[in-house]
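> Just so it is clear, I am handing over data03.txt, which has compact mmCIF, C-alpha atoms.
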```txt
# COMPACT_ATOMS: atom_id res chain seq x y z
CA MET A 240 183.73 44.05 99.64
CA GLU A 241 180.88 42.03 101.20
CA LYS A 242 178.55 45.06 101.15
CA GLU A 243 179.28 45.63 97.46
CA GLU A 244 178.37 42.00 96.62
CA SER A 245 175.08 42.25 98.57
CA ARG A 246 174.21 45.48 96.81
CA GLU A 247 175.00 43.94 93.41
CA GLY A 248 172.82 40.90 94.24
CA ARG A 249 169.87 43.12 95.11
CA LEU A 250 170.34 45.15 91.95
CA GLY A 251 170.42 41.93 89.93
CA TYR A 252 167.05 40.83 91.32
CA GLU A 253 165.66 44.31 90.74
CA LYS A 254 166.36 43.89 87.04
CA LEU A 255 164.28 40.68 87.03
CA ALA A 256 161.27 42.12 88.88
CA ASP A 257 159.40 43.22 85.72
CA ILE A 258 159.73 39.92 83.84
CA LYS A 259 156.27 38.49 83.18
CA VAL A 260 155.48 34.90 84.16
CA GLU A 261 152.41 32.77 83.52
CA PHE A 262 150.27 32.17 86.64
CA ILE A 263 147.83 29.24 86.58
CA ALA A 264 145.40 28.19 89.31
CA GLU A 265 144.20 24.66 88.56
CA LEU A 266 140.69 24.13 89.84
CA GLY A 267 140.58 20.50 88.78
CA SER A 268 140.58 18.17 85.80
CA THR A 269 138.86 15.08 84.49
CA GLU A 270 138.89 12.82 81.46
CA ILE A 271 135.87 12.68 79.20
CA THR A 272 135.08 10.87 75.98
CA LEU A 273 134.71 12.68 72.71
CA ARG A 274 131.04 11.57 72.77
CA GLU A 275 130.54 13.39 76.09
CA LEU A 276 132.32 16.48 74.75
CA LEU A 277 130.10 16.59 71.67
CA SER A 278 126.97 16.28 73.80
CA PHE A 279 127.70 19.44 75.84
CA THR A 280 125.18 22.25 75.61
CA ASN A 281 124.70 25.47 77.55
CA GLY A 282 124.18 24.50 81.17
CA SER A 283 126.04 21.16 80.97
CA VAL A 284 127.95 20.29 84.14
CA ILE A 285 131.44 18.78 84.16
CA ASP A 286 132.37 16.93 87.35
CA LEU A 287 136.01 17.67 88.19
CA LYS A 288 136.13 14.83 90.77
CA LYS A 289 137.48 17.21 93.41
CA PRO A 290 135.69 17.90 96.69
CA ALA A 291 134.26 21.40 97.10
CA GLY A 292 136.42 23.55 99.36
CA GLU A 293 139.64 21.68 98.61
CA SER A 294 142.67 23.83 97.75
CA VAL A 295 143.61 24.63 94.20
CA GLU A 296 147.16 24.13 92.98
CA LEU A 297 149.09 27.23 91.91
CA PHE A 298 151.66 27.16 89.11
CA ILE A 299 154.21 29.65 87.79
CA ASN A 300 155.45 28.81 84.29
CA ASN A 301 153.98 25.28 84.67
CA LYS A 302 155.90 24.60 87.92
CA ILE A 303 153.87 24.15 91.09
CA PHE A 304 154.70 26.69 93.75
CA GLY A 305 151.80 26.68 96.16
CA LYS A 306 148.18 26.10 97.08
CA GLY A 307 145.29 28.47 97.53
CA GLU A 308 141.55 28.84 97.80
CA VAL A 309 139.04 30.30 95.39
CA MET A 310 137.26 33.37 96.71
CA VAL A 311 135.30 36.39 95.52
CA TYR A 312 137.19 39.69 95.59
CA GLU A 313 135.42 42.87 94.46
CA LYS A 314 132.89 40.85 92.40
CA ASN A 315 135.63 38.83 90.68
CA LEU A 316 136.94 35.34 91.28
CA ALA A 317 140.34 35.42 92.96
CA ILE A 318 142.82 33.11 94.68
CA ARG A 319 143.98 33.51 98.27
CA ILE A 320 147.43 31.94 98.66
CA ASN A 321 147.40 29.59 101.65
CA GLU A 322 150.71 27.85 101.20
CA ILE A 323 153.93 28.37 99.27
CA LEU A 324 155.69 25.05 98.82
CA ASN A 325 159.36 24.36 99.42
CA SER A 326 161.15 21.79 97.27
CA LYS A 327 160.44 18.90 99.71
CA ASP A 328 156.72 19.71 99.68
CA ILE A 329 156.71 19.88 95.89
CA ILE A 330 158.25 16.39 95.63
CA GLN A 331 155.72 15.08 98.19
CA PHE A 332 152.86 16.65 96.21
CA PHE A 333 153.87 14.79 93.07
CA LEU A 334 154.44 11.51 94.88
CA LYS A 335 151.14 11.89 96.80
CA GLU A 336 152.67 10.13 99.81
CA PRO A 337 154.58 11.23 102.92
CA LEU A 338 158.37 11.38 102.63
```
Mind turning this structure into structure tokens?


Amino acid sequence: MEKEESREGRLGYEKLADIKVEFIAELGSTEITLRELLSFTNGSVIDLKKPAGESVELFINNKIFGKGEVMVYEKNLAIRINEILNSKDIIQFFLKEPL
């Protein structure tokens, strides 16, 4: 009986494997005024107030799940996953203080 339940559980996950989810890597963000926005031209620089080399946050369907680093892979920008968060880490991330 136990083996049948395990097999059914695996088959259930197999059915979910092809569902598409939205992946977002957030490089940074900032607030600007509408005046600043309207003054942008080609070559304008937007300061994201985040130190270079700091990890980027990774989201699946708008829920944080890990952290990574921006890298170049075969001439394209890519993300190397450095950390997959557990629920305690996710809460700590949002509180920005140790638990």

> Give as a list in words every residue, naming chains and numbers as the document does, that has an atom within 12 Å of (145.2, 25.7, 85.3), counting all atoms listed in the file.

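In the file's frame, the residues around the point are Glu261, Phe262, Ile263, Ala264, Glu265, Leu266, Gly267, Ser268, Val295, Glu296, Leu297, Phe298, Ile299, Asn300, Asn301, Lys302 and Ile303 of chain A.
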
> Just the residues within 12 Å of Glu270 (chain A), please, counting all atoms listed in the file, with nothing from its chain fewer than 3 positions along; format it as a list in words.

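Counting all atoms listed in the file, the residues come to Gly267, Leu273, Arg274, Glu275, Leu276, Ile285, Asp286, Leu287 and Lys288 of chain A.
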
> Name all residues at most 6 Å from Glu308 (chain A) (count only C-alpha atoms; drop same-chain ones fewer than 3 positions away) and give them as a PyMOL selection string.

chain A and resi 294-295+318-319

> Could you tell me how far CA of Lys306 (chain A) lies from CA of Val284 (chain A), in Å and to one decimal?

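A separation of 24.7 Å between them.
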
> For CA of Pro290 (chain A) and CA of Ile330 (chain A), quote the distance in Å rounded to one decimal.

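Separation of CA of Pro290 (chain A) and CA of Ile330 (chain A): 22.6 Å.
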
> So what do you get for CA of Phe304 (chain A) versus CA of Lys289 (chain A), distance-wise?

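Here the two named atoms are 19.7 Å from each other.
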
> Please fill the gaps in region 287-303 of chain A so it has N, CA and C atoms, and write that as a PDB file, in the coordinates of the input.


```pdb
ATOM      1  N   LEU A 287     134.548  17.658  88.135  1.00  0.00           N
ATOM      2  CA  LEU A 287     136.010  17.670  88.190  1.00  0.00           C
ATOM      3  C   LEU A 287     136.565  16.669  89.190  1.00  0.00           C
ATOM      4  N   LYS A 288     135.709  15.886  89.830  1.00  0.00           N
ATOM      5  CA  LYS A 288     136.130  14.830  90.770  1.00  0.00           C
ATOM      6  C   LYS A 288     137.012  15.382  91.888  1.00  0.00           C
ATOM      7  N   LYS A 289     136.711  16.592  92.334  1.00  0.00           N
ATOM      8  CA  LYS A 289     137.480  17.210  93.410  1.00  0.00           C
ATOM      9  C   LYS A 289     136.479  17.762  94.414  1.00  0.00           C
ATOM     10  N   PRO A 290     136.653  17.433  95.698  1.00  0.00           N
ATOM     11  CA  PRO A 290     135.690  17.900  96.690  1.00  0.00           C
ATOM     12  C   PRO A 290     135.635  19.427  96.770  1.00  0.00           C
ATOM     13  N   ALA A 291     134.428  19.952  96.940  1.00  0.00           N
ATOM     14  CA  ALA A 291     134.260  21.400  97.100  1.00  0.00           C
ATOM     15  C   ALA A 291     135.041  21.856  98.328  1.00  0.00           C
ATOM     16  N   GLY A 292     135.669  23.002  98.237  1.00  0.00           N
ATOM     17  CA  GLY A 292     136.420  23.550  99.360  1.00  0.00           C
ATOM     18  C   GLY A 292     137.865  23.101  99.423  1.00  0.00           C
ATOM     19  N   GLU A 293     138.238  22.131  98.603  1.00  0.00           N
ATOM     20  CA  GLU A 293     139.640  21.680  98.610  1.00  0.00           C
ATOM     21  C   GLU A 293     140.510  22.734  97.930  1.00  0.00           C
ATOM     22  N   SER A 294     141.793  22.814  98.326  1.00  0.00           N
ATOM     23  CA  SER A 294     142.670  23.830  97.750  1.00  0.00           C
ATOM     24  C   SER A 294     142.908  23.605  96.265  1.00  0.00           C
ATOM     25  N   VAL A 295     143.220  24.690  95.597  1.00  0.00           N
ATOM     26  CA  VAL A 295     143.610  24.630  94.200  1.00  0.00           C
ATOM     27  C   VAL A 295     145.135  24.729  94.136  1.00  0.00           C
ATOM     28  N   GLU A 296     145.720  24.090  93.143  1.00  0.00           N
ATOM     29  CA  GLU A 296     147.160  24.130  92.980  1.00  0.00           C
ATOM     30  C   GLU A 296     147.525  25.372  92.174  1.00  0.00           C
ATOM     31  N   LEU A 297     148.636  26.005  92.555  1.00  0.00           N
ATOM     32  CA  LEU A 297     149.090  27.230  91.910  1.00  0.00           C
ATOM     33  C   LEU A 297     150.400  26.957  91.177  1.00  0.00           C
ATOM     34  N   PHE A 298     150.485  27.414  89.945  1.00  0.00           N
ATOM     35  CA  PHE A 298     151.660  27.160  89.110  1.00  0.00           C
ATOM     36  C   PHE A 298     152.206  28.481  88.570  1.00  0.00           C
ATOM     37  N   ILE A 299     153.533  28.559  88.488  1.00  0.00           N
ATOM     38  CA  ILE A 299     154.210  29.650  87.790  1.00  0.00           C
ATOM     39  C   ILE A 299     155.027  28.989  86.686  1.00  0.00           C
ATOM     40  N   ASN A 300     154.767  29.399  85.455  1.00  0.00           N
ATOM     41  CA  ASN A 300     155.450  28.810  84.290  1.00  0.00           C
ATOM     42  C   ASN A 300     155.414  27.279  84.339  1.00  0.00           C
ATOM     43  N   ASN A 301     154.239  26.729  84.633  1.00  0.00           N
ATOM     44  CA  ASN A 301     153.980  25.280  84.670  1.00  0.00           C
ATOM     45  C   ASN A 301     154.734  24.540  85.766  1.00  0.00           C
ATOM     46  N   LYS A 302     155.253  25.229  86.760  1.00  0.00           N
ATOM     47  CA  LYS A 302     155.900  24.600  87.920  1.00  0.00           C
ATOM     48  C   LYS A 302     155.080  24.934  89.155  1.00  0.00           C
ATOM     49  N   ILE A 303     154.680  23.901  89.908  1.00  0.00           N
ATOM     50  CA  ILE A 303     153.870  24.150  91.090  1.00  0.00           C
ATOM     51  C   ILE A 303     154.670  24.940  92.123  1.00  0.00           C
TER      52      ILE A 303
END
```
